[in-house]
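One structure is given below, encoded as structure tokens.
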Amino acid sequence: MMQTLEPILAEHPFLKGLDAQYLKLLVGCASNVRFNAGQFVFREGEEANEFYMIRQGKVALEILGAERGPITIQTVGEGDILGWSWLIPPYRWRFNARALELTRAIALDGKCLRTKSEEDRNFGYELLKRFSSIIVERLEATRLQLLDVYRVHS
Amino acid sequence: MRTDAMLTHLYRVERVQDETYDTFTLELASRDHSEERPFAPGQFNMLYVFGVGEVPISISSDLAKPRTLAHTVRAVGNVTKAIRALGRGGELGLRGPFGTSWPVEEAKGSDVVIVAGGIGIAPLRPALYHVLSERKEYGKVVLLYGARTPADLLYQREMEQWRGRSDLQVDITVDRALRWWRGNVGVVTTLIPKAVFDPTSTVAMVCGPEVMMRFTVAELQKRGLEDDKIYISMERNMKCGFGFCGHCQFGPFFVCKDGPVFRYDRVREWLGKGDI
């Protein structure tokens with residue numbers, strides 16, 4: 001018998017405490033994926049139709065600096081969420097995401113989730129609240145990063 | 001006031017270890033190697049380059065070896081550049097040790113989380129040495145270390161050894177990196193949610209730029225740590241070393257005497273105020 005992804009999703013910190021009926025909705029949009037070291041999860045400019053719940057491994061978010069080549073701006077790993085461009089039009093990735101090591105994740109189909117969120121606004125709100133919290137955390141971290149606190153100030 | 005607080009002792013540079021392009025570790029000993037200068041982790045000495053000036057530098061060595069004192073220095077000003085120029089065999093003046101220390105004794109029986117940013121790892125190193133030397137006295141021990149880039153990471157060989165220990169969680173991150181870097185990228189605070197410790201029985205020791213410490217404290221609080229279990233090390237313009245000259249006043253405190261290590265709940269109202 002094939003095991004469903006429900007117990008795995010239920011254990012993920014991102015979905016902690018999520019109502020069982022919403023969990024079932026998510027399971028319907030979820031699939032297991034794996035990326036080998038060096039493999040791109042997505043590339044800047046491509047259509048963004050999913051997000052990833054990382055179960056194992058590490059992924060680098062990169063941006064191409066014209067002179068310096070790809071610069072890693074953040075890494076995400078076990079327990080982290082990767083990608084929110086599927087949530088906001090025009091649904092295009094803004095960065096490259098590349099696996100630094102063998103990475104296993106659960107991919108959630110963004111189109112499927114957008115449709116379910118429109119059908120059940122309470123589900124959509126629940127999902128958005130969880131993403132908002134991640135977006136705020138990342139924004140705070142980015143602001144601290146921008147301060148360049150370890151630089152020598154003359 | 002200690003009677004010898006103003007007395008400068010002659011020390012010789014035994015060894016200079018380049019840590020990064022602008023940071024080095026000096027090992028100092030008294031001329032005849034006989035003088036022992038016991039210190040507590042987190043304390044600092046005043047190092048005096050004759051004819052140039054004096055600067056406060058944290059002691060970064062193992063307190064079990066009081067005859068050789070290590071100081072990790074970033075060469076960014078006239079005095080620190082002059083210290084770098086001394087080289088092996090060079091002599092300088094030393095006063096100290098001064099200031100308060102990390103609560104390594106009070107932390108016994110608890111988990112210990114050490115969060116370091118940049119050269120803030122230097123004053124925490126003696127605390128970690130001590131905790132590791134009495135490892136059974138503590139619960140889980142976590143070291144979270146952030147630097148600007150991979151080229152700015154200090155004590156790299158030691159970090160590798162520490163990472164190899166099963167009784168110590170070491171997580172390292174850098175704020176920015178090129179593609180070759182396989183480690184974490186992101187500010188040091190992003191490591192806190194994944195660190196394994198029991199917030200109800202943990203002592204946190206934090207050192208780095210002030211803004212980094214404020215963000216770190218906020219993350220530790222989110223994990224459930226109480227303010228009286230968080231210790232930070234402050235940096236100010238310290239001159240005399242015993243609260244006499246007033247250069248390092250911080251609210252009602254003098255950092256050289258009442259600090260540099262403070263329990264967070266005692267200084268929280270003064271942190272983040274631009275004019276203090």
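Ligands are numbered from 1 in the order shown, chains are lettered A, B, ... in the order of the structure tokens, and residues start at 1 in each chain.
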Give me the residues within 6 Å of range 169-184 of chain B as a list in words, counting only C-alpha atoms and dropping any in the same chain fewer than 5 places off.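 Listing them by chain and then by number gives Ile71, Thr72, Ile73 and Thr75 of chain A; Val142, Leu143, Leu144, Tyr145, Gly146, Ala147, Arg148, Thr149 and Arg163 of chain B.
Within 8 Å of chain B, counting only C-alpha atoms, chain A contributes A:Ala60, A:Gly69, A:Pro70, A:Ile71, A:Thr72, A:Ile73, A:Gln74, A:Thr75, A:Val76, A:Leu100, A:Ala141, A:Thr142, A:Leu144, A:Gln145, A:Asp148, A:Val149, A:Tyr150, A:Arg151, A:Val152.
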Take the residues that were just selected and, keeping N, CA and C atoms, output them as a tab-separated table (two decimals), in the first residue's frame.
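Below you can see part.tsv, which holds the result:
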chain	number	residue	atom	x	y	z
A	60	ALA	N	20.62	26.68	-2.22
A	60	ALA	CA	21.11	28.06	-2.23
A	60	ALA	C	20.23	28.90	-3.14
A	69	GLY	N	29.57	37.10	-10.98
A	69	GLY	CA	28.97	35.78	-11.15
A	69	GLY	C	27.88	35.55	-10.14
A	70	PRO	N	27.43	34.29	-9.98
A	70	PRO	CA	26.32	34.03	-9.06
A	70	PRO	C	26.72	34.29	-7.61
A	71	ILE	N	25.88	35.02	-6.92
A	71	ILE	CA	26.10	35.31	-5.50
A	71	ILE	C	25.00	34.62	-4.71
A	72	THR	N	25.41	33.89	-3.69
A	72	THR	CA	24.41	33.23	-2.84
A	72	THR	C	23.90	34.24	-1.83
A	73	ILE	N	22.60	34.44	-1.82
A	73	ILE	CA	22.05	35.43	-0.88
A	73	ILE	C	21.41	34.77	0.34
A	74	GLN	N	21.12	33.49	0.20
A	74	GLN	CA	20.52	32.79	1.34
A	74	GLN	C	20.58	31.29	1.07
A	75	THR	N	20.65	30.52	2.13
A	75	THR	CA	20.49	29.07	1.97
A	75	THR	C	19.30	28.63	2.82
A	76	VAL	N	18.61	27.61	2.35
A	76	VAL	CA	17.52	27.04	3.16
A	76	VAL	C	17.77	25.54	3.29
A	100	LEU	N	22.60	22.40	-3.03
A	100	LEU	CA	24.03	22.33	-2.71
A	100	LEU	C	24.43	20.90	-2.38
A	141	ALA	N	15.59	39.36	8.39
A	141	ALA	CA	16.95	38.85	8.20
A	141	ALA	C	17.65	39.61	7.08
A	142	THR	N	16.91	39.93	6.03
A	142	THR	CA	17.51	40.66	4.91
A	142	THR	C	17.92	42.07	5.33
A	144	LEU	N	18.84	42.97	8.29
A	144	LEU	CA	20.06	42.84	9.10
A	144	LEU	C	21.26	42.59	8.18
A	145	GLN	N	21.02	41.78	7.17
A	145	GLN	CA	22.08	41.47	6.19
A	145	GLN	C	22.52	42.77	5.48
A	148	ASP	N	25.11	45.10	6.99
A	148	ASP	CA	26.51	44.72	6.83
A	148	ASP	C	27.27	45.00	8.13
A	149	VAL	N	26.76	44.40	9.21
A	149	VAL	CA	27.22	44.77	10.55
A	149	VAL	C	28.68	44.45	10.85
A	150	TYR	N	29.27	43.55	10.10
A	150	TYR	CA	30.66	43.18	10.42
A	150	TYR	C	31.68	43.99	9.63
A	151	ARG	N	31.18	44.87	8.77
A	151	ARG	CA	32.09	45.67	7.95
A	151	ARG	C	32.85	46.64	8.86
A	152	VAL	N	34.08	46.95	8.46
A	152	VAL	CA	34.85	47.94	9.21
A	152	VAL	C	34.35	49.31	8.79
Could you pull the residues within 10 Å of Glu126 in chain A, counting only C-alpha atoms, minus those fewer than 3 positions along the same chain, as a PyMOL selection string? chain A and resi 15+18-19+22+117+121-123+129-132
Writer output for current selection, N, CA and C atoms, as an mmCIF file, in the first residue's frame:
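So out39.cif came out as:
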data_model
loop_
_atom_site.group_PDB
_atom_site.id
_atom_site.type_symbol
_atom_site.label_atom_id
_atom_site.label_comp_id
_atom_site.auth_asym_id
_atom_site.auth_seq_id
_atom_site.Cartn_x
_atom_site.Cartn_y
_atom_site.Cartn_z
ATOM 1 N N LEU A 15 3.512 23.568 8.962
ATOM 2 C CA LEU A 15 2.088 23.214 9.017
ATOM 3 C C LEU A 15 1.628 22.816 10.417
ATOM 4 N N LEU A 18 -2.093 22.812 11.899
ATOM 5 C CA LEU A 18 -3.053 23.058 10.813
ATOM 6 C C LEU A 18 -4.240 22.100 10.943
ATOM 7 N N ASP A 19 -5.414 22.651 10.712
ATOM 8 C CA ASP A 19 -6.647 21.865 10.772
ATOM 9 C C ASP A 19 -6.556 20.660 9.827
ATOM 10 N N TYR A 22 -7.737 21.005 6.235
ATOM 11 C CA TYR A 22 -6.848 21.780 5.359
ATOM 12 C C TYR A 22 -5.630 20.950 4.956
ATOM 13 N N SER A 117 -7.609 27.791 -2.631
ATOM 14 C CA SER A 117 -7.713 28.968 -1.762
ATOM 15 C C SER A 117 -8.874 29.860 -2.200
ATOM 16 N N ARG A 121 -11.925 30.300 1.183
ATOM 17 C CA ARG A 121 -11.141 31.475 1.600
ATOM 18 C C ARG A 121 -10.504 31.294 2.983
ATOM 19 N N ASN A 122 -11.147 30.506 3.827
ATOM 20 C CA ASN A 122 -10.557 30.256 5.151
ATOM 21 C C ASN A 122 -9.240 29.482 5.017
ATOM 22 N N PHE A 123 -9.241 28.540 4.089
ATOM 23 C CA PHE A 123 -8.012 27.787 3.817
ATOM 24 C C PHE A 123 -6.943 28.743 3.258
ATOM 25 N N LYS A 129 -1.444 33.383 6.150
ATOM 26 C CA LYS A 129 -0.902 33.760 7.466
ATOM 27 C C LYS A 129 0.459 33.097 7.688
ATOM 28 N N ARG A 130 0.531 31.820 7.307
ATOM 29 C CA ARG A 130 1.781 31.085 7.514
ATOM 30 C C ARG A 130 2.880 31.626 6.608
ATOM 31 N N PHE A 131 2.539 31.947 5.376
ATOM 32 C CA PHE A 131 3.537 32.518 4.474
ATOM 33 C C PHE A 131 3.949 33.917 4.910
ATOM 34 N N SER A 132 2.972 34.701 5.412
ATOM 35 C CA SER A 132 3.297 36.069 5.851
ATOM 36 C C SER A 132 4.348 36.023 6.941
#
Residue neighbourhood Pro123 in chain B, 9 Å, only C-alpha atoms, exclusion window fewer than 2 positions, as an NGL selection string: :B and (41-44 or 57-61 or 71-72 or 119-121 or 125-127 or 207 or 233)
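Of the listed residues (A:Arg114, A:Arg143, A:Lys16, A:Arg98), A:Arg114 comes nearest to Trp86 in chain A; the distances count only C-alpha atoms.
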Between A:Leu23, A:Ile63, A:Ala99, A:Leu113, single out the one closest to Asn36 in chain A, counting only C-alpha atoms.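 Ranking A:Leu23, A:Ile63, A:Ala99, A:Leu113 by distance to Asn36 in chain A, first place goes to A:Ala99.
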If you run DSSP on this backbone, which residues of range 3-93 of chain B come out as alpha helix (DSSP H), and could you give them as a ChimeraX atom specification? /B:78-86
Just asking: which residues within range 27-117 of chain A are strand (DSSP E or B) according to DSSP, as a PyMOL selection string? chain A and resi 30-35+40-42+47+50-56+58-65+69-77+81-82+92+96-99+103-109
Which residue of A:Leu82, A:Gly57, A:Gly77, A:Glu6 approaches Pro193 in chain B most closely, using only C-alpha atoms: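 Going through A:Leu82, A:Gly57, A:Gly77, A:Glu6 one by one, the smallest distance to Pro193 in chain B is for A:Gly77.
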Glu226 in chain B surroundings by only C-alpha atoms, 10 Å radius, close-in-sequence under 5 positions cut, as a PDB file with C-alpha atoms, in the first residue's frame:
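Final file, around_36.pdb:
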ATOM      1  CA  PRO B 199      14.683  27.025  26.444  1.00  0.00           C
ATOM      2  CA  THR B 200      13.494  26.425  29.998  1.00  0.00           C
ATOM      3  CA  SER B 201      17.001  25.443  31.075  1.00  0.00           C
ATOM      4  CA  THR B 202      19.458  27.335  28.908  1.00  0.00           C
ATOM      5  CA  VAL B 203      21.994  30.087  29.389  1.00  0.00           C
ATOM      6  CA  ALA B 204      22.811  32.097  26.275  1.00  0.00           C
ATOM      7  CA  VAL B 217      18.121  38.402  21.784  1.00  0.00           C
ATOM      8  CA  LEU B 220      16.202  33.770  21.709  1.00  0.00           C
ATOM      9  CA  GLN B 221      13.148  35.310  23.348  1.00  0.00           C
ATOM     10  CA  TYR B 264      20.466  41.263  29.362  1.00  0.00           C
ATOM     11  CA  ASP B 265      17.646  42.203  31.737  1.00  0.00           C
TER      12      ASP B 265
END
Quick one: residues within 6 Å of Thr100 in chain B, only C-alpha atoms, excluding same-chain residues fewer than 3 positions away - as a PyMOL selection string? chain B and resi 259-261
So that I can see what lies close to Pro7 in chain A, please list as a list of chain:residue names the residues with an atom at most 12 Å from it, counting only C-alpha atoms and leaving out residues fewer than 3 positions away in the same chain.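 The neighbour list is A:Gln3, A:Thr4, A:Ala10, A:Glu11, A:His12, A:Leu15, A:Lys16, A:Ala20, A:Leu23, A:Lys24, A:Leu26, A:Val27.
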Which residue out of A:Ala107, A:Pro89, A:Gly83, A:Val59 has the minimum interatomic distance to Leu5 in chain A when only C-alpha atoms are used?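 Using only C-alpha atoms, the shortest distance to Leu5 in chain A belongs to A:Ala107.
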